[in-house]
>>> print(open('protein-v3.cif').read())   # mmCIF, C-alpha atoms and all ligand atoms
data_start
#
loop_
_atom_site.label_atom_id
_atom_site.label_comp_id
_atom_site.auth_asym_id
_atom_site.auth_seq_id
_atom_site.Cartn_x
_atom_site.Cartn_y
_atom_site.Cartn_z
CA MET A 1 39.37 73.83 138.19
CA ALA A 2 40.14 70.12 138.42
CA GLU A 3 39.00 67.59 135.91
CA ILE A 4 40.32 64.05 136.15
CA GLU A 5 40.41 61.93 133.03
CA LEU A 6 41.30 58.26 132.73
CA ARG A 7 42.01 56.98 129.23
CA HIS A 8 42.15 53.25 128.64
CA ILE A 9 43.84 52.39 131.91
CA ASN A 10 45.15 48.87 132.30
CA LYS A 11 46.90 47.37 135.30
CA HIS A 12 48.14 43.88 136.11
CA PHE A 13 49.38 42.36 139.35
CA GLY A 14 51.40 39.43 138.04
CA PRO A 15 48.95 37.38 135.97
CA ASP A 16 45.89 39.22 137.34
CA HIS A 17 44.41 41.87 135.06
CA VAL A 18 42.89 44.06 137.79
CA ILE A 19 42.01 47.24 135.84
CA ARG A 20 40.66 46.53 132.38
CA ASP A 21 40.54 49.33 129.85
CA VAL A 22 38.97 51.85 132.20
CA SER A 23 38.06 55.22 130.68
CA LEU A 24 36.25 57.90 132.65
CA THR A 25 36.06 61.67 133.01
CA VAL A 26 35.35 63.14 136.42
CA LYS A 27 34.19 66.70 135.89
CA ASP A 28 35.33 69.72 137.84
CA ARG A 29 33.62 69.84 141.28
CA GLU A 30 31.92 66.54 140.68
CA PHE A 31 31.47 63.92 143.42
CA VAL A 32 31.94 60.51 141.83
CA VAL A 33 31.60 57.26 143.76
CA PHE A 34 33.32 54.01 142.73
CA LEU A 35 31.04 51.19 143.81
CA GLY A 36 31.72 47.50 143.47
CA PRO A 37 32.38 44.27 145.36
CA SER A 38 35.57 43.52 147.24
CA GLY A 39 38.54 42.98 144.94
CA CYS A 40 37.00 44.66 141.87
CA GLY A 41 39.81 47.22 141.59
CA LYS A 42 38.44 50.34 143.30
CA THR A 43 41.42 51.02 145.53
CA THR A 44 43.92 50.21 142.80
CA THR A 45 42.26 52.72 140.45
CA LEU A 46 42.23 55.37 143.15
CA ARG A 47 45.87 54.74 144.04
CA ALA A 48 46.81 55.00 140.37
CA ILE A 49 45.18 58.44 140.18
CA ALA A 50 47.00 59.53 143.32
CA GLY A 51 50.33 58.29 141.98
CA LEU A 52 50.70 55.55 144.60
CA GLU A 53 50.48 52.80 142.00
CA GLU A 54 51.91 52.63 138.49
CA ILE A 55 49.71 51.65 135.58
CA ASP A 56 50.75 49.42 132.66
CA GLU A 57 48.85 51.22 129.91
CA GLY A 58 46.75 54.32 129.41
CA ASP A 59 46.80 57.93 130.46
CA ILE A 60 45.76 59.80 133.57
CA LEU A 61 45.12 63.50 133.03
CA LEU A 62 44.49 66.31 135.48
CA ASP A 63 42.95 69.32 133.77
CA GLY A 64 43.99 67.92 130.41
CA ARG A 65 47.65 67.31 131.34
CA PRO A 66 49.11 63.82 131.73
CA ILE A 67 50.30 63.29 135.30
CA GLN A 68 51.81 59.80 135.25
CA GLY A 69 55.28 61.33 135.19
CA LEU A 70 54.59 63.26 138.42
CA ARG A 71 55.34 61.92 141.88
CA ALA A 72 52.35 61.53 144.20
CA ALA A 73 53.48 64.57 146.19
CA ASP A 74 53.50 66.75 143.08
CA ARG A 75 50.03 65.83 141.81
CA ASP A 76 48.07 68.15 144.09
CA ILE A 77 45.66 65.34 144.86
CA ALA A 78 44.87 64.42 148.46
CA PHE A 79 44.08 60.90 149.62
CA VAL A 80 42.03 59.86 152.65
CA PHE A 81 42.54 56.23 153.66
CA GLN A 82 40.17 53.98 155.54
CA ASN A 83 42.75 53.46 158.25
CA TYR A 84 43.39 57.07 159.09
CA ALA A 85 46.88 57.09 160.53
CA LEU A 86 47.05 60.19 162.68
CA TYR A 87 50.29 61.07 164.44
CA PRO A 88 49.53 59.85 167.98
CA HIS A 89 51.97 62.16 169.77
CA PHE A 90 50.68 65.28 167.97
CA THR A 91 47.60 67.25 168.94
CA VAL A 92 44.74 67.56 166.47
CA TYR A 93 46.03 71.04 165.66
CA GLU A 94 49.48 69.69 164.86
CA ASN A 95 48.05 66.81 162.83
CA LEU A 96 46.14 69.32 160.70
CA ALA A 97 49.15 71.64 160.48
CA PHE A 98 51.59 68.92 159.45
CA PRO A 99 50.98 68.97 155.66
CA LEU A 100 51.26 72.77 155.70
CA ARG A 101 54.50 72.78 157.69
CA ALA A 102 55.91 70.22 155.27
CA VAL A 103 55.66 72.77 152.47
CA GLY A 104 56.87 75.69 154.58
CA THR A 105 53.58 77.59 154.95
CA ALA A 106 53.94 80.87 156.86
CA ARG A 107 52.71 80.77 160.46
CA ASP A 108 49.72 83.11 160.11
CA ALA A 109 48.43 81.42 156.96
CA LEU A 110 48.94 78.02 158.60
CA ASP A 111 47.05 79.04 161.71
CA SER A 112 44.10 80.50 159.86
CA THR A 113 43.84 77.50 157.51
CA VAL A 114 43.95 74.98 160.36
CA ARG A 115 41.28 76.91 162.27
CA SER A 116 38.99 77.33 159.29
CA VAL A 117 39.24 73.65 158.30
CA GLY A 118 38.75 72.69 161.95
CA LYS A 119 35.65 74.86 162.07
CA SER A 120 34.12 73.45 158.89
CA LEU A 121 34.58 69.95 160.29
CA GLY A 122 33.18 70.85 163.71
CA ILE A 123 36.33 69.92 165.62
CA THR A 124 37.44 73.34 166.90
CA HIS A 125 36.96 72.20 170.50
CA LEU A 126 39.32 69.27 169.90
CA LEU A 127 42.30 71.16 168.46
CA ASN A 128 44.38 70.64 171.60
CA ALA A 129 43.40 67.00 172.12
CA ARG A 130 45.54 64.04 171.14
CA PRO A 131 44.18 61.30 168.81
CA SER A 132 43.94 58.77 171.67
CA ALA A 133 41.24 60.95 173.24
CA LEU A 134 39.09 61.07 170.09
CA SER A 135 36.11 58.99 169.00
CA GLY A 136 36.28 57.13 165.67
CA GLY A 137 34.16 59.77 163.98
CA ASP A 138 36.35 62.62 165.23
CA MET A 139 39.51 60.81 164.14
CA GLN A 140 38.07 60.49 160.70
CA ARG A 141 37.13 64.19 160.69
CA VAL A 142 40.76 65.01 161.47
CA ALA A 143 41.98 62.67 158.71
CA ILE A 144 39.69 64.40 156.22
CA GLY A 145 40.76 67.79 157.53
CA ARG A 146 44.38 66.87 157.02
CA ALA A 147 43.59 66.11 153.38
CA LEU A 148 41.75 69.41 152.98
CA VAL A 149 44.27 71.87 154.50
CA ARG A 150 46.43 71.91 151.38
CA ARG A 151 43.35 72.84 149.34
CA PRO A 152 44.09 70.05 146.87
CA LYS A 153 42.74 70.13 143.35
CA ALA A 154 41.10 66.80 143.93
CA LEU A 155 40.18 64.65 146.90
CA LEU A 156 40.29 60.86 146.80
CA LEU A 157 38.58 58.98 149.63
CA ASP A 158 38.95 55.23 150.04
CA GLU A 159 36.14 53.88 152.24
CA PRO A 160 36.77 56.76 154.65
CA ILE A 161 33.92 55.87 156.98
CA GLY A 162 33.89 52.11 156.45
CA SER A 163 35.15 51.30 159.91
CA LEU A 164 32.60 53.40 161.78
CA ASP A 165 29.37 52.03 163.23
CA ALA A 166 26.15 52.35 161.21
CA LYS A 167 24.77 55.34 163.09
CA LEU A 168 27.99 57.31 162.86
CA ARG A 169 28.36 56.44 159.20
CA GLU A 170 25.00 58.05 158.57
CA THR A 171 26.05 61.23 160.39
CA MET A 172 29.37 61.35 158.55
CA ARG A 173 27.62 60.82 155.22
CA VAL A 174 25.57 63.94 155.76
CA GLU A 175 28.68 65.85 156.82
CA LEU A 176 30.65 64.72 153.79
CA LYS A 177 27.85 65.83 151.54
CA ARG A 178 27.70 69.24 153.21
CA LEU A 179 31.48 69.57 153.09
CA HIS A 180 31.53 68.82 149.41
CA PHE A 181 28.71 71.28 148.86
CA GLU A 182 30.76 74.00 150.62
CA ASN A 183 34.22 73.19 149.23
CA GLY A 184 33.24 71.78 145.86
CA SER A 185 36.54 69.97 145.37
CA THR A 186 36.46 67.32 142.67
CA SER A 187 36.07 64.10 144.64
CA ILE A 188 36.28 60.38 144.02
CA TYR A 189 34.92 58.26 146.82
CA VAL A 190 35.29 54.50 147.06
CA THR A 191 32.78 52.27 148.79
CA HIS A 192 31.14 48.87 148.50
CA ASP A 193 28.06 50.19 150.31
CA GLN A 194 25.37 51.00 147.79
CA VAL A 195 23.38 53.17 150.20
CA GLU A 196 26.44 55.34 150.73
CA ALA A 197 26.98 55.52 146.97
CA MET A 198 23.37 56.42 146.21
CA SER A 199 23.18 59.12 148.87
CA LEU A 200 26.52 60.83 148.16
CA ALA A 201 27.21 60.59 144.46
CA ASP A 202 26.61 62.99 141.62
CA ARG A 203 27.48 59.97 139.50
CA ILE A 204 28.12 56.37 140.46
CA VAL A 205 30.71 54.25 138.67
CA VAL A 206 29.77 50.60 139.12
CA MET A 207 32.77 48.28 138.80
CA ASN A 208 33.15 44.55 138.68
CA ASP A 209 36.28 42.53 137.99
CA GLY A 210 38.26 45.58 136.89
CA VAL A 211 35.63 46.58 134.33
CA LEU A 212 33.34 49.64 134.45
CA GLN A 213 29.82 48.25 134.29
CA GLN A 214 27.89 51.51 134.24
CA VAL A 215 28.43 55.20 134.91
CA GLY A 216 25.36 57.25 135.78
CA THR A 217 23.48 59.30 138.34
CA PRO A 218 22.10 57.31 141.28
CA THR A 219 18.64 57.48 139.70
CA GLU A 220 19.92 56.24 136.34
CA VAL A 221 21.73 53.23 137.74
CA TYR A 222 18.76 52.37 139.93
CA LEU A 223 16.03 52.82 137.32
CA TYR A 224 17.95 51.78 134.21
CA PRO A 225 20.66 49.27 135.17
CA ALA A 226 22.82 48.53 132.13
CA ASN A 227 23.16 44.84 132.87
CA LEU A 228 22.29 42.04 135.27
CA PHE A 229 25.30 42.74 137.46
CA VAL A 230 24.28 46.37 138.12
CA ALA A 231 20.64 45.37 138.46
CA GLN A 232 21.48 42.97 141.26
CA PHE A 233 24.24 44.95 142.91
CA ILE A 234 22.13 48.09 143.38
CA GLY A 235 18.93 48.02 145.38
CA SER A 236 18.01 46.27 148.58
CA PRO A 237 16.32 43.85 148.79
CA VAL A 238 17.73 42.69 145.51
CA MET A 239 15.78 42.86 142.23
CA ASN A 240 13.76 39.76 141.30
CA ILE A 241 15.33 38.05 138.28
CA ALA A 242 13.70 35.19 136.41
CA SER A 243 14.06 33.57 133.02
CA ALA A 244 11.17 34.79 130.90
CA THR A 245 9.18 33.53 127.98
CA ILE A 246 7.25 36.14 126.02
CA ARG A 247 4.00 35.14 124.34
CA SER A 248 1.47 36.83 122.14
CA ASP A 249 -2.15 35.86 122.33
CA GLY A 250 -4.58 37.74 120.10
CA GLY A 251 -2.67 41.02 120.38
CA GLN A 252 -2.16 40.65 124.13
CA ALA A 253 1.45 40.10 125.21
CA SER A 254 2.36 38.18 128.30
CA VAL A 255 5.49 37.06 130.06
CA THR A 256 5.76 33.67 131.70
CA LEU A 257 8.12 32.99 134.59
CA ASP A 258 8.18 29.24 135.15
CA ASP A 259 4.45 28.60 135.34
CA ALA A 260 3.28 32.10 136.30
CA SER A 261 2.07 34.33 133.51
CA PHE A 262 1.67 38.13 133.63
CA ASP A 263 0.15 40.57 131.14
CA MET A 264 2.41 42.99 129.31
CA PRO A 265 1.61 45.85 126.93
CA ALA A 266 1.03 44.72 123.34
CA ASP A 267 3.93 46.82 122.02
CA LEU A 268 6.45 44.66 123.91
CA LEU A 269 6.59 42.19 121.02
CA GLY A 270 7.39 44.89 118.45
CA MET A 271 10.08 46.31 120.75
CA LEU A 272 11.71 42.91 121.19
CA ASP A 273 11.65 42.35 117.43
CA LYS A 274 13.29 45.70 116.82
CA LYS A 275 16.06 44.91 119.31
CA ARG A 276 16.52 41.48 117.66
CA ALA A 277 16.27 40.12 121.16
CA ALA A 278 18.24 36.99 121.94
CA PRO A 279 16.24 33.81 122.45
CA ALA A 280 17.01 33.60 126.16
CA LEU A 281 15.69 36.56 128.12
CA SER A 282 15.67 37.37 131.80
CA LEU A 283 13.09 39.56 133.40
CA GLY A 284 14.00 41.84 136.27
CA VAL A 285 11.59 43.65 138.54
CA ARG A 286 12.30 45.31 141.85
CA PRO A 287 10.05 44.44 144.80
CA GLU A 288 8.24 47.78 144.44
CA GLY A 289 7.32 46.78 140.87
CA VAL A 290 5.37 43.75 142.11
CA LEU A 291 1.94 45.15 142.95
CA VAL A 292 -0.15 43.33 145.55
CA SER A 293 -3.90 43.46 146.14
CA HIS A 294 -6.31 41.65 148.44
CA THR A 295 -8.94 41.63 145.70
CA ASP A 296 -8.82 40.04 142.29
CA GLN A 297 -8.47 42.64 139.54
CA PRO A 298 -7.86 42.47 135.79
CA GLY A 299 -4.29 41.37 135.10
CA TYR A 300 -3.66 40.18 138.68
CA ARG A 301 -2.68 36.58 139.39
CA PRO A 302 -3.40 34.63 142.57
CA ALA A 303 -0.43 34.09 144.87
CA GLU A 304 0.27 32.66 148.28
CA VAL A 305 2.17 34.60 150.91
CA HIS A 306 5.26 32.65 151.78
CA LEU A 307 7.22 35.03 154.00
CA ILE A 308 6.80 38.53 155.46
CA GLN A 309 9.77 40.69 156.45
CA PRO A 310 8.80 43.93 158.23
CA TYR A 311 11.26 46.80 157.57
CA GLY A 312 9.36 49.36 159.63
CA GLY A 313 8.26 51.76 156.91
CA PHE A 314 7.29 48.91 154.56
CA ASP A 315 7.17 45.12 154.35
CA ILE A 316 8.91 42.77 151.96
CA VAL A 317 6.63 39.88 151.13
CA ASP A 318 7.60 36.68 149.31
CA LEU A 319 4.79 35.56 147.02
CA ARG A 320 4.45 32.10 145.50
CA PHE A 321 2.89 31.80 142.06
CA GLY A 322 2.90 28.05 141.55
CA SER A 323 6.58 27.17 141.64
CA LYS A 324 7.78 30.75 141.14
CA THR A 325 8.55 33.12 144.02
CA LEU A 326 8.62 36.90 143.60
CA ARG A 327 9.46 39.39 146.26
CA ALA A 328 7.06 42.32 146.64
CA ARG A 329 7.16 45.52 148.63
CA THR A 330 3.93 46.49 150.38
CA SER A 331 2.88 49.11 152.90
CA SER A 332 3.60 47.81 156.38
CA GLY A 333 1.04 45.36 157.68
CA TYR A 334 -0.80 45.17 154.34
CA VAL A 335 -0.40 41.41 154.32
CA ASP A 336 -0.84 40.11 157.84
CA ARG A 337 -0.20 36.39 157.72
CA ILE A 338 1.89 33.76 156.02
CA GLY A 339 -0.23 31.46 153.88
CA ALA A 340 -2.72 34.23 152.98
CA ARG A 341 -4.02 34.30 149.43
CA VAL A 342 -3.51 37.59 147.61
CA PHE A 343 -3.35 38.82 144.01
CA ALA A 344 -0.43 40.44 142.28
CA ARG A 345 0.85 41.73 138.98
CA ILE A 346 4.11 43.06 137.59
CA ALA A 347 4.16 46.77 136.69
CA PRO A 348 5.38 46.86 133.07
CA SER A 349 6.98 50.31 133.55
CA GLN A 350 9.20 48.77 136.24
CA THR A 351 10.08 45.69 134.24
CA HIS A 352 13.56 45.18 132.78
CA PHE A 353 14.55 42.69 130.11
CA PHE A 354 18.09 41.35 129.87
CA ASP A 355 19.88 39.13 127.41
CA THR A 356 20.47 36.14 129.68
CA GLN A 357 23.71 35.17 127.99
CA SER A 358 25.51 38.53 127.88
CA GLY A 359 23.63 40.06 130.81
CA ALA A 360 23.10 43.30 128.86
CA SER A 361 19.85 45.19 129.37
CA LEU A 362 17.68 45.51 126.26
CA ASP A 363 16.76 48.94 127.64
CA LEU A 364 13.07 48.62 126.82
CA ARG A 365 10.93 51.36 128.34
CA LEU A 366 7.39 50.09 128.72
CA GLY A 367 4.35 52.07 129.86
CA ASP A 368 1.96 50.66 132.45
N1 LIG A 401 49.86 45.03 145.81
C1 LIG A 401 49.15 44.04 145.26
N2 LIG A 401 49.74 42.92 144.80
C2 LIG A 401 49.04 41.92 144.21
N3 LIG A 401 47.69 41.96 144.03
C3 LIG A 401 47.04 43.06 144.47
C4 LIG A 401 47.72 44.14 145.11
N4 LIG A 401 46.81 45.09 145.44
C5 LIG A 401 45.62 44.61 145.03
N5 LIG A 401 45.74 43.40 144.46
C6 LIG A 401 44.66 42.60 143.86
O1 LIG A 401 44.03 43.41 142.87
C7 LIG A 401 42.63 43.22 142.88
C8 LIG A 401 41.95 44.55 143.10
O2 LIG A 401 42.23 44.98 144.42
P1 LIG A 401 41.67 46.34 145.04
O3 LIG A 401 42.33 46.51 146.37
O4 LIG A 401 41.85 47.43 144.06
O5 LIG A 401 40.14 46.00 145.21
P2 LIG A 401 38.99 46.85 145.94
O6 LIG A 401 37.90 46.98 144.93
O7 LIG A 401 39.53 48.08 146.51
O8 LIG A 401 38.50 45.83 147.06
P3 LIG A 401 38.04 46.11 148.60
O9 LIG A 401 36.58 46.51 148.52
O10 LIG A 401 38.20 44.78 149.25
O11 LIG A 401 38.91 47.17 149.18
C9 LIG A 401 42.34 42.19 143.95
O12 LIG A 401 42.23 40.94 143.33
C10 LIG A 401 43.56 42.25 144.84
O13 LIG A 401 43.81 41.01 145.45
MG MG A 402 39.75 48.75 148.48
#
>>> encode(input="protein-v3.cif", output="structure tokens")
Amino acid sequence: MAEIELRHINKHFGPDHVIRDVSLTVKDREFVVFLGPSGCGKTTTLRAIAGLEEIDEGDILLDGRPIQGLRAADRDIAFVFQNYALYPHFTVYENLAFPLRAVGTARDALDSTVRSVGKSLGITHLLNARPSALSGGDMQRVAIGRALVRRPKALLLDEPIGSLDAKLRETMRVELKRLHFENGSTSIYVTHDQVEAMSLADRIVVMNDGVLQQVGTPTEVYLYPANLFVAQFIGSPVMNIASATIRSDGGQASVTLDDASFDMPADLLGMLDKKRAAPALSLGVRPEGVLVSHTDQPGYRPAEVHLIQPYGGFDIVDLRFGSKTLRARTSSGYVDRIGARVFARIAPSQTHFFDTQSGASLDLRLGD
């Protein structure tokens, strides 16, 4: 059992307020990913939980007990750093055994733990090798193994695969997921890579400027971003955002982006009224919510193809509606030339409305 709770954590570095009133509960056996841009406070938060950094205000609890008074070594929380510092003159076996020797583990127990962790990480054949003979991926496996041998209550990982190449990162991602599935230790994983976050997390914690922006499952943060920051940080290519004017014309609602107008369900107006929507609204729609057709159909508007980016499995196509450009996702090759005339509409069910000033989502759920 290991539940980590943060209650109103605040931390300053000199005049910089780098963690701002952060509260969060990471449930037992949960895999939580901290995601946010460089400098937003991910590492500092993680180090505070591990006891490597003091906080100015708030409480950190492990299984309901405050742990700020405990030294890092007494918290039973393991930390994997991006720059895995293995002992170069030790073999892999000795690197894995080191944390166990440090606490006086008996030889048989030590040996069986090292071998079983080595096996689960697929590095049994490397136990006698020295770090200089290992690939980057294997070094990182050893670093993770070294964190696991003590069977910590919780595992904190700070961009553990950030320095590996893209292909290896993908392999390690799958391994980390499997390892968590087998071991089930409560884990907090830091990254600024949204693909990594989406694929690994039970829940993603999106941070910006020391503030938690949204906490939710990968699907929740993707489908229902809480604000403009989350909407634009998650998803690639980025969500289209445009300032929107909503109109009603004989019971038909429409949204105008610059000079391009798109139909919306009639109940949009009632929903906006109920939310007392601010005067300035922004519309957000991901490329897959911009639907493209070669033929004119009800609700579709003419557009000119401005750019085509093939991604292999699909294309990303920039469409010009008068002075407005929207990015659409199509099946690959659907639009075959720049300058072509096509028709497009915005899928209301994939449309988000935000208060432009505060950035907060109005959380309207429209049907198509
Ligand atoms: N020891 C320190 N002294 C002063 N400022 C610090 C210290 N450590 C971090 N900071 C500052 O605190 C802020 C948060 O840093 P932190 O390392 O937690 O960000 P991060 O989200 O982990 O970023 P990255 O993705 O680049 O690793 C940054 O503005 C950073 O410059
Ligand atoms: Mg960091």
>>> residues_near_ligand(input="protein-v3.cif", ligand="ligand MG 402 (chain A)", cutoff="9 Å", atoms="all atoms listed in the file", output="MDAnalysis selection string")
chainID A and resid 38:44 46 82 158:159 190:192
>>> closest_residue(input="protein-v3.cif", among="A:Leu157, A:Gln68, A:Ala73, A:Met1", to="ligand LIG 401 (chain A)", atoms="all atoms listed in the file")
A:Leu157
>>> axis_aligned_box(input="protein-v3.cif", around="ligand LIG 401 (chain A)", padding_each_side="3 Å", output="lines of an AutoDock Vina configuration file")
center_x = 43.2
center_y = 44.5
center_z = 146.1
size_x = 19.3
size_y = 13.1
size_z = 12.4
>>> residues_near_point(input="protein-v3.cif", point="(49.6, 67.1, 163.0)", cutoff="9 Å", atoms="all atoms listed in the file", output="list in words")
Leu86, Tyr87, Pro88, His89, Phe90, Thr91, Val92, Tyr93, Glu94, Asn95, Leu96, Ala97, Phe98, Pro99 and Arg146 of chain A
>>> residues_around(input="protein-v3.cif", residues="Leu70 of chain A", least_positions_apart="2", cutoff="12 Å", atoms="only C-alpha atoms", output="list of chain:residue names")
A:Ala48, A:Ile49, A:Ala50, A:Gly51, A:Leu52, A:Glu53, A:Glu54, A:Ile60, A:Leu61, A:Leu62, A:Arg65, A:Pro66, A:Ile67, A:Gln68, A:Ala72, A:Ala73, A:Asp74, A:Arg75, A:Asp76, A:Ile77
>>> closest_residue(input="protein-v3.cif", among="A:Val211, A:Leu148, A:Leu110, A:Ala133", to="ligand LIG 401 (chain A)", atoms="only C-alpha atoms and all ligand atoms")
A:Val211
>>> closest_residue(input="protein-v3.cif", among="A:Ser163, A:Ser236, A:Thr245, A:Gln214", to="Ser361 of chain A", atoms="all atoms listed in the file")
A:Gln214
>>> residues_around(input="protein-v3.cif", residues="Ala244 of chain A", least_positions_apart="3", cutoff="10 Å", atoms="all atoms listed in the file", output="mmCIF file with C-alpha atoms, in the coordinates of the input")
data_model
loop_
_atom_site.group_PDB
_atom_site.id
_atom_site.type_symbol
_atom_site.label_atom_id
_atom_site.label_comp_id
_atom_site.auth_asym_id
_atom_site.auth_seq_id
_atom_site.Cartn_x
_atom_site.Cartn_y
_atom_site.Cartn_z
ATOM 1 C CA ILE A 241 15.330 38.050 138.280
ATOM 2 C CA ARG A 247 4.000 35.140 124.340
ATOM 3 C CA SER A 254 2.360 38.180 128.300
ATOM 4 C CA VAL A 255 5.490 37.060 130.060
ATOM 5 C CA THR A 256 5.760 33.670 131.700
ATOM 6 C CA LEU A 257 8.120 32.990 134.590
ATOM 7 C CA ASP A 258 8.180 29.240 135.150
ATOM 8 C CA ALA A 260 3.280 32.100 136.300
ATOM 9 C CA SER A 261 2.070 34.330 133.510
ATOM 10 C CA PRO A 279 16.240 33.810 122.450
ATOM 11 C CA ALA A 280 17.010 33.600 126.160
ATOM 12 C CA LEU A 281 15.690 36.560 128.120
ATOM 13 C CA SER A 282 15.670 37.370 131.800
ATOM 14 C CA LEU A 283 13.090 39.560 133.400
ATOM 15 C CA GLY A 284 14.000 41.840 136.270
ATOM 16 C CA PHE A 353 14.550 42.690 130.110
ATOM 17 C CA PHE A 354 18.090 41.350 129.870
ATOM 18 C CA THR A 356 20.470 36.140 129.680
#
>>> closest_residue(input="protein-v3.cif", among="A:Asp296, A:Asp63, A:Asp209, A:Asp259", to="Lys153 of chain A", atoms="only C-alpha atoms")
A:Asp63
>>> atom_distance(input="protein-v3.cif", atom1="atom CA of Ile4 of chain A", atom2="atom CA of Thr25 of chain A")
5.8 Å
>>> closest_residue(input="protein-v3.cif", among="A:Gly64, A:Leu228, A:Ala2, A:Val195", to="Ser358 of chain A", atoms="all atoms listed in the file")
A:Leu228
>>> closest_residue(input="protein-v3.cif", among="A:Val285, A:Leu364, A:Met207, A:Ala344", to="Leu272 of chain A", atoms="all atoms listed in the file")
A:Leu364
>>> atom_distance(input="protein-v3.cif", atom1="atom CA of Arg365 of chain A", atom2="atom CA of Ser349 of chain A")
6.6 Å
>>> residues_around(input="protein-v3.cif", residues="Asp193 of chain A", least_positions_apart="3", cutoff="8 Å", atoms="all atoms listed in the file", output="PDB file with C-alpha atoms, in the coordinates of the input")
ATOM      1  CA  LEU A  35      31.040  51.190 143.810  1.00  0.00           C
ATOM      2  CA  GLU A 196      26.440  55.340 150.730  1.00  0.00           C
ATOM      3  CA  ALA A 197      26.980  55.520 146.970  1.00  0.00           C
TER       4      ALA A 197
END
>>> decode(input="protein-v3.cif", residues="segment 99-104 of chain A", atoms="all heavy atoms", output="mmCIF file, in the first residue's frame")
data_model
loop_
_atom_site.group_PDB
_atom_site.id
_atom_site.type_symbol
_atom_site.label_atom_id
_atom_site.label_comp_id
_atom_site.auth_asym_id
_atom_site.auth_seq_id
_atom_site.Cartn_x
_atom_site.Cartn_y
_atom_site.Cartn_z
ATOM 1 N N PRO A 99 22.385 -0.903 -3.313
ATOM 2 C CA PRO A 99 21.406 -0.394 -2.324
ATOM 3 C C PRO A 99 21.056 -1.445 -1.274
ATOM 4 O O PRO A 99 20.703 -1.094 -0.144
ATOM 5 C CB PRO A 99 20.176 -0.082 -3.182
ATOM 6 C CG PRO A 99 20.674 0.011 -4.579
ATOM 7 C CD PRO A 99 21.844 -0.912 -4.672
ATOM 8 N N LEU A 100 21.172 -2.715 -1.631
ATOM 9 C CA LEU A 100 20.847 -3.784 -0.673
ATOM 10 C C LEU A 100 21.982 -3.958 0.329
ATOM 11 O O LEU A 100 21.765 -4.153 1.522
ATOM 12 C CB LEU A 100 20.583 -5.094 -1.427
ATOM 13 C CG LEU A 100 19.363 -5.062 -2.357
ATOM 14 C CD1 LEU A 100 19.301 -6.317 -3.212
ATOM 15 C CD2 LEU A 100 18.072 -4.915 -1.548
ATOM 16 N N ARG A 101 23.218 -3.894 -0.174
ATOM 17 C CA ARG A 101 24.372 -3.991 0.734
ATOM 18 C C ARG A 101 24.352 -2.841 1.739
ATOM 19 O O ARG A 101 24.678 -3.007 2.909
ATOM 20 C CB ARG A 101 25.685 -3.906 -0.050
ATOM 21 C CG ARG A 101 25.994 -5.128 -0.869
ATOM 22 C CD ARG A 101 27.506 -5.227 -1.119
ATOM 23 N NE ARG A 101 27.792 -6.045 -2.285
ATOM 24 C CZ ARG A 101 27.669 -7.365 -2.316
ATOM 25 N NH1 ARG A 101 27.246 -8.028 -1.246
ATOM 26 N NH2 ARG A 101 27.933 -8.045 -3.411
ATOM 27 N N ALA A 102 23.940 -1.659 1.236
ATOM 28 C CA ALA A 102 23.959 -0.469 2.094
ATOM 29 C C ALA A 102 23.069 -0.645 3.317
ATOM 30 O O ALA A 102 23.293 -0.009 4.346
ATOM 31 C CB ALA A 102 23.517 0.762 1.294
ATOM 32 N N VAL A 103 22.045 -1.491 3.195
ATOM 33 C CA VAL A 103 21.179 -1.709 4.362
ATOM 34 C C VAL A 103 21.415 -3.084 4.987
ATOM 35 O O VAL A 103 20.604 -3.581 5.763
ATOM 36 C CB VAL A 103 19.673 -1.536 4.012
ATOM 37 C CG1 VAL A 103 19.373 -0.079 3.691
ATOM 38 C CG2 VAL A 103 19.257 -2.439 2.860
ATOM 39 N N GLY A 104 22.527 -3.718 4.631
ATOM 40 C CA GLY A 104 22.943 -4.952 5.286
ATOM 41 C C GLY A 104 22.086 -6.173 4.968
ATOM 42 O O GLY A 104 21.876 -7.039 5.821
#
